[in-house]
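Visitor: Here's a structure for you.
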Amino acid sequence: MAALFVITYGVVALSYLRQRAAAWFMGSYMLGCLTPICELLIRFTDYTLLFSLAGYGSFLGCILMMSVGIEAFAGYRPQWRLAIVAWGLGMGLRLAIMGWTRNTLPYEMLFQLPFAVASALVLLSVRRIGQTGPIRLMLMGIFGLTCGHFLLKPFIAVSLGAGPSAKYYATSFYAVVSQVSTGVLLVAAGLFLMLLVIQKALEETILDAESDPLTGLTNRRGLYRIGPQLLAEAEARGHALYAIVLDLDHFKRINDAFGHATGDSVLIAFAKVLLTLTTQDMLAIRMGGEEFALLVPDQSGGEGNRAVRLGRAIQVALEPFAERGMPSLTVSGGIARLNEGETLDSLIARADQLAYRAKRAGRDHILNDACDIPATRHGPPWTASLVSNIAASAG
């Protein structure tokens, strides 16, 4: 089973560039493979001390490397030093009790203590994983059981009889109970870790498929997955929902005059404006070329709604671009409010028609269902502090 995990995690680490943390799990189960091999060699060779220490060290390293891998998977800096210190202390304790009488409670408790501590470290690492849901909870439960399992094993060892020597242990009934119970827990841990890794890989694959590679905004594919959810939520809660369609004015002139590289920089800078000014409940989309869209939920509605304020803030945020070495940029757009029973396509089409009218009316203009946004634009108070930073980073 450990060998199968080694192969599977290795394939995942090589196949998904952002899942390189799976290589830690591959290494963990690779170390774990050494433990049963050492147990067999204790039984069938005369190098009892060597393989006892090797089996103990590899198994302790297996658990600690799993903790390091989970830290890396969760996006934190792996706690290498802590793992090395814990492994060194565990091996030091193993050497310290080497001459003690086996099959006694003090000996068995100190023998199992490093494994319990390592399992607790893994449990703490699992708690830091950002992904929520039943898989993470199950994984926490498994390592909680594993920690308790190592604390319980000394009593089982004394009760069933671990034997006076390592060779005797290898043929004892307690060895069967010990190895099988630990193996089942580690197989379960490996399976749930694999589910977490695959879940994250799928989420990132979906995100890549639904993101515009140049600007990082949601693309049309993402719009048609997330948009209907926003519509359904707005209708269920009785909130207003607005679509804003924005088109960069004279963008072809920018490409012709400054080159496509500068044009791409302008698109990236404009996308950053949208990402900076929108909140988590809004959706910013690059529809294609120099056309963008926003879905804006609003509980208040009316002329002073969020969509109108956002449109003004975007126009204000573009004004300092020329001062920062970027081409002068204005935008034309349209704002449409969702009607009862209306589809996403219809809503965006109405906003797009308003944007088209704004271009025909002279550009640098945003129209909405109710009224025209005034030519004299004053963004909300919080806009001013953001404009300079956006333009500076864009330049």
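Chain labels follow the order of the structure tokens: the first chain is A, the next B, and so on; residue numbering restarts at 1 in every chain, and ligands are counted from 1 in their shown order.
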Extract, using only C-alpha atoms, all DNA, RNA and protein residues at most 9 Å from A:Leu186, discarding same-chain residues fewer than 5 positions from it, and format them as a list in words.
Guide: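 Listed by chain and then number, they are Ala2, Ile142, Phe143, Thr146, Ser181 and Leu191 of chain A.
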Visitor: Pull the closest atom pair for each residue of stretch 37-86 of chain A that gets at most 12 Å from stretch 195-204 of chain A, along with the distance in Å to one decimal, counting only C-alpha atoms, ordering rows by chain and then ascending residue number, as CSV.
Guide:
```
residue,atom,partner,partner_atom,distance
A:Gly69,CA,A:Val197,CA,11.2
A:Ile70,CA,A:Val197,CA,10.0
A:Ala72,CA,A:Val197,CA,11.7
A:Phe73,CA,A:Val197,CA,8.1
A:Ala74,CA,A:Lys200,CA,10.3
A:Gly75,CA,A:Lys200,CA,12.0
```
Visitor: Could you pull the residues within 10 Å of A:Thr101, counting only C-alpha atoms, minus those fewer than 5 positions along the same chain, as a ChimeraX atom specification?
Guide: /A:106-108,163-165
Visitor: Calculated over only C-alpha atoms, which of the candidates A:Val85, A:Ala257, A:Leu318, A:Ala243 has the smallest distance to A:Ala293?
Guide: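 The closest residue to A:Ala293 is A:Ala243.
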Visitor: Which polymer residues have any atom within 7 Å of an atom of stretch 155-158 of chain A, counting only C-alpha atoms, with same-chain residues fewer than 3 positions away left out, as a PyMOL selection string?
Guide: chain A and resi 103-105+152+161-162+174
Visitor: Write a file of the selected residues as a PDB file, in the first residue's frame, keeping C-alpha atoms.
Guide:
```pdb
ATOM      1  CA  ASN A 103       7.490  -5.403  27.889  1.00  0.00           C
ATOM      2  CA  THR A 104       7.183  -2.998  30.833  1.00  0.00           C
ATOM      3  CA  LEU A 105       4.888   0.020  30.889  1.00  0.00           C
ATOM      4  CA  LEU A 152      -2.782   3.292  24.006  1.00  0.00           C
ATOM      5  CA  GLY A 161       3.138  -9.383  25.571  1.00  0.00           C
ATOM      6  CA  ALA A 162       5.593  -7.668  23.259  1.00  0.00           C
ATOM      7  CA  TYR A 174       1.038  -8.166  19.600  1.00  0.00           C
TER       8      TYR A 174
END
```
Visitor: When you draw a straight line from atom CA of A:Gly57 to atom CA of A:His149, how long is it in Å?
Guide: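 Distance between the two atoms: 18.7 Å.
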Visitor: I'd like the neighbourhood of A:Gln353 as a short mmCIF file (atom, residue, chain, number, x, y, z; two decimals) with C-alpha atoms, in the first residue's frame, where a residue qualifies if any of its atoms comes within 10 Å (using only C-alpha atoms), though same-chain residues fewer than 5 positions away should be ignored.
Guide:
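What ended up in around-v4.cif:
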```
data_model
loop_
_atom_site.label_atom_id
_atom_site.label_comp_id
_atom_site.auth_asym_id
_atom_site.auth_seq_id
_atom_site.Cartn_x
_atom_site.Cartn_y
_atom_site.Cartn_z
CA VAL A 245 -20.39 46.46 -19.55
CA GLY A 333 -20.10 51.67 -20.59
CA GLY A 334 -23.64 50.73 -19.79
CA ILE A 335 -25.40 49.67 -16.59
CA ALA A 336 -28.53 47.51 -16.66
CA ILE A 348 -25.65 41.67 -20.28
CA ALA A 358 -22.36 55.69 -24.95
CA LYS A 359 -19.66 55.21 -27.60
CA LEU A 367 -25.21 55.15 -19.36
#
```
Visitor: Grab the atom CA of A:Ala271 to atom CA of A:His250 distance for me, in Å with one decimal place.
Guide: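 Between atom CA of A:Ala271 and atom CA of A:His250 the gap works out to 16.9 Å.
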Visitor: Quick one: everything within 12 Å of A:Val117, counting only C-alpha atoms, minus sequence neighbours fewer than 2 positions away in the same chain. Send it as JSON, numbers by chain.
Guide: {"A": [60, 63, 64, 67, 82, 83, 86, 87, 89, 90, 109, 110, 111, 112, 113, 114, 115, 119, 120, 121, 122, 123, 124, 143, 144, 146, 147, 148, 149, 150, 151]}
Visitor: Print the selection's residues with N, CA, C and O atoms to a file, as a tab-separated table (two decimals), in the first residue's frame.
Guide:
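Written file, result26.tsv:
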```
chain	number	residue	atom	x	y	z
A	60	LEU	N	9.37	7.00	12.22
A	60	LEU	CA	9.25	8.33	12.82
A	60	LEU	C	9.42	9.41	11.74
A	60	LEU	O	8.70	10.41	11.70
A	63	ILE	N	6.22	9.87	9.56
A	63	ILE	CA	5.15	10.69	10.15
A	63	ILE	C	5.54	12.17	10.13
A	63	ILE	O	4.74	13.04	9.78
A	64	LEU	N	6.79	12.47	10.50
A	64	LEU	CA	7.23	13.87	10.55
A	64	LEU	C	7.28	14.49	9.16
A	64	LEU	O	6.95	15.67	8.98
A	67	SER	N	3.97	15.71	8.18
A	67	SER	CA	3.67	17.02	8.76
A	67	SER	C	4.27	18.14	7.92
A	67	SER	O	3.61	19.15	7.64
A	82	LEU	N	11.86	21.98	12.92
A	82	LEU	CA	11.08	21.33	13.95
A	82	LEU	C	11.03	19.82	13.73
A	82	LEU	O	11.16	19.03	14.67
A	83	ALA	N	10.86	19.42	12.46
A	83	ALA	CA	10.81	17.99	12.15
A	83	ALA	C	12.14	17.31	12.44
A	83	ALA	O	12.18	16.20	13.00
A	86	ALA	N	12.58	17.09	16.22
A	86	ALA	CA	11.71	16.06	16.77
A	86	ALA	C	12.24	14.66	16.44
A	86	ALA	O	12.21	13.75	17.29
A	87	TRP	N	12.75	14.50	15.21
A	87	TRP	CA	13.31	13.20	14.84
A	87	TRP	C	14.55	12.89	15.67
A	87	TRP	O	14.72	11.77	16.17
A	89	LEU	N	15.35	14.05	18.69
A	89	LEU	CA	14.97	13.77	20.07
A	89	LEU	C	14.36	12.38	20.19
A	89	LEU	O	14.61	11.65	21.17
A	90	GLY	N	13.53	12.01	19.18
A	90	GLY	CA	12.93	10.68	19.21
A	90	GLY	C	13.96	9.58	19.13
A	90	GLY	O	13.89	8.59	19.88
A	109	MET	N	5.88	3.00	27.01
A	109	MET	CA	5.37	4.37	26.88
A	109	MET	C	6.41	5.29	26.25
A	109	MET	O	6.09	6.10	25.38
A	110	LEU	N	7.67	5.17	26.69
A	110	LEU	CA	8.72	6.00	26.10
A	110	LEU	C	9.02	5.58	24.66
A	110	LEU	O	9.40	6.42	23.84
A	111	PHE	N	8.82	4.31	24.36
A	111	PHE	CA	9.02	3.82	22.99
A	111	PHE	C	8.01	4.45	22.04
A	111	PHE	O	8.35	4.85	20.92
A	112	GLN	N	6.77	4.57	22.47
A	112	GLN	CA	5.70	5.07	21.60
A	112	GLN	C	5.56	6.60	21.64
A	112	GLN	O	4.92	7.18	20.75
A	113	LEU	N	6.14	7.25	22.66
A	113	LEU	CA	5.94	8.69	22.84
A	113	LEU	C	6.34	9.52	21.61
A	113	LEU	O	5.58	10.41	21.20
A	114	PRO	N	7.50	9.30	20.97
A	114	PRO	CA	7.84	10.11	19.79
A	114	PRO	C	6.83	9.98	18.66
A	114	PRO	O	6.56	10.96	17.95
A	115	PHE	N	6.24	8.80	18.47
A	115	PHE	CA	5.25	8.61	17.42
A	115	PHE	C	3.98	9.40	17.74
A	115	PHE	O	3.35	9.98	16.85
A	119	SER	N	2.51	12.47	15.52
A	119	SER	CA	1.13	12.46	15.04
A	119	SER	C	0.40	13.73	15.46
A	119	SER	O	-0.42	14.27	14.70
A	120	ALA	N	0.69	14.21	16.67
A	120	ALA	CA	0.08	15.47	17.13
A	120	ALA	C	0.53	16.64	16.27
A	120	ALA	O	-0.25	17.54	15.96
A	121	LEU	N	1.80	16.63	15.86
A	121	LEU	CA	2.31	17.69	14.97
A	121	LEU	C	1.59	17.64	13.63
A	121	LEU	O	1.26	18.69	13.05
A	122	VAL	N	1.34	16.44	13.12
A	122	VAL	CA	0.60	16.31	11.86
A	122	VAL	C	-0.82	16.87	12.03
A	122	VAL	O	-1.33	17.59	11.16
A	123	LEU	N	-1.44	16.55	13.15
A	123	LEU	CA	-2.79	17.05	13.42
A	123	LEU	C	-2.83	18.58	13.42
A	123	LEU	O	-3.72	19.20	12.84
A	124	LEU	N	-1.83	19.19	14.06
A	124	LEU	CA	-1.76	20.66	14.08
A	124	LEU	C	-1.55	21.21	12.67
A	124	LEU	O	-2.10	22.26	12.31
A	143	PHE	N	-5.80	11.54	12.33
A	143	PHE	CA	-4.55	11.78	13.05
A	143	PHE	C	-4.78	11.95	14.55
A	143	PHE	O	-3.89	11.68	15.34
A	144	GLY	N	-5.98	12.37	14.93
A	144	GLY	CA	-6.32	12.36	16.35
A	144	GLY	C	-6.37	10.93	16.87
A	144	GLY	O	-5.83	10.63	17.96
A	146	THR	N	-4.80	8.42	15.49
A	146	THR	CA	-3.44	7.89	15.41
A	146	THR	C	-2.63	8.27	16.64
A	146	THR	O	-1.90	7.45	17.21
A	147	CYS	N	-2.76	9.53	17.07
A	147	CYS	CA	-2.06	9.99	18.27
A	147	CYS	C	-2.53	9.20	19.49
A	147	CYS	O	-1.71	8.69	20.28
A	148	GLY	N	-3.84	9.05	19.64
A	148	GLY	CA	-4.37	8.27	20.76
A	148	GLY	C	-3.98	6.81	20.68
A	148	GLY	O	-3.74	6.15	21.70
A	149	HIS	N	-3.89	6.30	19.46
A	149	HIS	CA	-3.49	4.91	19.22
A	149	HIS	C	-2.09	4.64	19.77
A	149	HIS	O	-1.85	3.61	20.43
A	150	PHE	N	-1.15	5.56	19.52
A	150	PHE	CA	0.21	5.36	20.02
A	150	PHE	C	0.29	5.47	21.54
A	150	PHE	O	1.13	4.83	22.18
A	151	LEU	N	-0.59	6.28	22.12
A	151	LEU	CA	-0.63	6.40	23.58
A	151	LEU	C	-1.26	5.17	24.23
A	151	LEU	O	-0.97	4.84	25.39
```
Visitor: I'd like to know which residues of stretch 166-356 of chain A are strand (DSSP E) (by DSSP, run on the backbone); could you write them as JSON, numbers by chain?
Guide: {"A": [240, 241, 242, 243, 244, 245, 246, 247, 248, 283, 284, 285, 286, 287, 288, 291, 292, 293, 294, 295, 296, 297, 298, 331, 332, 333, 334, 335, 336, 337]}
Visitor: Which residue gives the smallest distance to A:Ala351 among A:Ile268, A:Ala307, A:Ala232, A:Leu137, with only C-alpha atoms counted?
Guide: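 Checking each candidate against A:Ala351, we get A:Ala307 as the closest.
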Visitor: Check the smallest atom-to-atom distance from each of A:Asn339, A:Ser265, A:Gln280, A:Ser300 to A:Phe321 using only C-alpha atoms, then report the winner.
Guide: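 Under the stated criterion, the closest residue is A:Ser265.
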Visitor: So what do you get for atom CA of A:Arg286 versus atom CA of A:Asn219, distance-wise?
Guide: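 According to the coordinates, atom CA of A:Arg286 and atom CA of A:Asn219 are separated by 5.4 Å.
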Visitor: Please identify which residues in stretch 73-272 of chain A DSSP calls helix (DSSP H, G or I) from the backbone, and express them as a ChimeraX atom specification.
Guide: /A:73,80-96,105-127,134-160,166-170,173-209,220-237,251-258,260-272
Visitor: Given only C-alpha atoms as the basis, pick out the residue of A:Gly289, A:Gln299, A:His239, A:Ala23 nearest to A:His260.
Guide: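 Checking each candidate against A:His260, we get A:Gly289 as the closest.
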